[in-house]
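The block underneath contains the structure these notes are about, expressed in structure tokens.
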Amino acid sequence: MRKYILAINPGSTSTKVALYDGKEKVFTNKIEHPRTELDKYHNIIDQYDYRLNLIVEWLKEVGISTSTLKATVGRGGMLRPIPAGTYLVTDVMIKDLKDCVGGEHASNLGAILAKGIADNEGIKAFIVDPVAVDEMDDIARISGMPDIQRKSQLHALNIKAVSHRYARENNRNLKDINLIIAHLGGGISVAPLKRGRTIDVNNANEMGPLSPERTGQLPVGELVKMCYSGKYTYNEIKTKIKGRGGLTAYLGTNDAKEAEERAKNGDENAKLVFMAMAYQISKEIGAMATTLYGKVDAIILTGGLAHSKTLTDKIQSMTRFIAPVVLYPGEDELEALNEGVLRVLEGEEVEKIYENEVEISD
């Protein structure tokens, strides 16, 4: 009997997997990949057989045959820009992931691994709300310099998952409400959702609030001076912006819990920087409220940093005049993947076809 959905989330040094029976998580595991093993492969795509075999071995260990799977779902990779939704994994999608049309990332393996297992069983493989989701209004793409266009890059999977959760818990239709959702993690995405569509977002890699490892938006003139000062290489500047920016640059740690504890224990600099992060998040929420003309049903704070009462209390105090603030701390990407497939299997949504949603000219 086919009853399980297998969810696969490849990361840089691990592959998270889970088996679901409906909404119930039956088994889950985080398969670690030692750097000594990964270094054997020139490209991420080359890791396919290695990771696939480990997933199959895990299924055998928990006593689950692939013949009991009714669908598989993988974390969506760096594809061409597409609307949100649950997508059937097709050969065209696989080709784009292997060609790295949107860049090389471990998540590119998600769809490929899901399809590899599904094809052997004659079942469907899906992805849900990949990082490539782009629903921005054209007016939001204008940057101020024609050479540069604002891009949609966001934590789409969790943002969309919590939007569905809010609508479900409040007996509302997602297409009838407006939300501002702030995903607070290693990177921070603040997105206004107008009747379910993400009409704008700060690019968490380059704009918006400072975060544990990223600078967020910077005074561009001073940044240009740094770039031409002769003190830094291109890669050094990139690392200062993403990887060693934000809390890391100011406090020497990317651990928000540590920064918060230092602030509580009298470290005035830690307190200032931690509160600056909350201040900047609140400003970004306020800015995004204008894109919805102030008609906001709720502000949702989610992601790992939303566990911090100090942070969320500050944000609530600065933004609750806009709309009620709802806390959905943490994220469960595997659960979000499963829920996306269930919405299709239960008839709540219709599966989308990748090649029907993108323009492929090459």
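For the structure tokens, the naming scheme is as follows: chains receive sequential letters (A, B, ...) according to their order of presentation, residues are indexed from 1 within each chain, and ligands are indexed from 1 in presentation order.
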query = Any idea what's packed within 9 Å of A:Met277, counting only C-alpha atoms, ignoring anything in its chain fewer than 4 positions away? Could you give it as a list in words?
reply =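 After dropping sequence-adjacent residues, the list is Pro209, Leu210, Ser211, Pro212, Gly246, Leu247, Leu272, Val273, Ile281, Ser282 and Leu311 of chain A.
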What would the file look like if the residues just selected were written as a PDB file, in the first residue's frame with C-alpha atoms?
ATOM      1  CA  PRO A 209      18.289  44.558   8.224  1.00  0.00           C
ATOM      2  CA  LEU A 210      21.622  43.394   9.590  1.00  0.00           C
ATOM      3  CA  SER A 211      21.531  39.758  10.671  1.00  0.00           C
ATOM      4  CA  PRO A 212      23.834  37.327  12.519  1.00  0.00           C
ATOM      5  CA  GLY A 246      26.179  41.826  11.066  1.00  0.00           C
ATOM      6  CA  LEU A 247      26.522  40.454  14.601  1.00  0.00           C
ATOM      7  CA  LEU A 272      23.281  48.238  21.287  1.00  0.00           C
ATOM      8  CA  VAL A 273      23.992  45.983  18.308  1.00  0.00           C
ATOM      9  CA  ILE A 281      13.836  44.684  11.261  1.00  0.00           C
ATOM     10  CA  SER A 282      11.059  46.939  12.556  1.00  0.00           C
ATOM     11  CA  LEU A 311      14.120  40.618  19.970  1.00  0.00           C
TER      12      LEU A 311
END
request  = For stretch 96-106 of chain A, work out the shell of residues within 6 Å, counting only C-alpha atoms and skipping chain neighbours fewer than 5 positions away, then give it as an MDAnalysis selection string.
outcome  = chainID A and resid 10:12 78:79
ask   = Counting only C-alpha atoms, what is within 9 Å of A:Thr253, bar same-chain residues fewer than 4 positions away, as a ChimeraX atom specification?
value = /A:212-213,244,247-249,258-259
inquiry  = Can you tell me which residues surround stretch 90-93 of chain A at a distance of at most 10 Å, considering only C-alpha atoms, apart from same-chain residues fewer than 5 positions away, and format the answer as a VMD selection string?
reply    = chain A and resid 77 79 to 80 98 to 99 111 to 112 115 124 to 126 353 to 355 360
ask   = Using only C-alpha atoms, which residues sit within 7 Å of stretch 181-191 of chain A once same-chain residues fewer than 2 positions away are excluded, as a PyMOL selection string?
value = chain A and resi 154-155+159+179+193+198+200-205+209+211-214+284-285+288+299-306
Writing out the chosen residues with C-alpha atoms as a tab-separated table (two decimals), in the first residue's frame:
chain	number	residue	atom	x	y	z
A	154	LEU	CA	13.84	35.15	0.04
A	155	HIS	CA	13.17	32.32	2.45
A	159	ILE	CA	7.37	32.34	4.47
A	179	LEU	CA	0.37	39.83	5.66
A	193	LEU	CA	2.08	39.16	0.94
A	198	THR	CA	4.83	38.16	-2.41
A	200	ASP	CA	8.16	42.76	-2.67
A	201	VAL	CA	11.03	41.60	-0.47
A	202	ASN	CA	14.44	42.75	0.65
A	203	ASN	CA	17.16	40.56	-0.87
A	204	ALA	CA	18.43	38.97	2.34
A	205	ASN	CA	21.94	38.66	0.88
A	209	PRO	CA	18.29	44.56	8.22
A	211	SER	CA	21.53	39.76	10.67
A	212	PRO	CA	23.83	37.33	12.52
A	213	GLU	CA	26.18	37.01	9.51
A	214	ARG	CA	25.08	39.65	6.98
A	284	GLU	CA	11.81	47.14	7.21
A	285	ILE	CA	8.38	45.95	8.39
A	288	MET	CA	6.77	47.03	3.64
A	299	ILE	CA	2.63	40.79	11.00
A	300	ILE	CA	4.21	37.36	11.42
A	301	LEU	CA	7.64	36.81	13.00
A	302	THR	CA	9.14	33.42	12.20
A	303	GLY	CA	12.53	31.68	11.89
A	304	GLY	CA	15.06	30.77	14.55
A	305	LEU	CA	15.56	34.28	15.92
A	306	ALA	CA	11.83	34.55	16.63
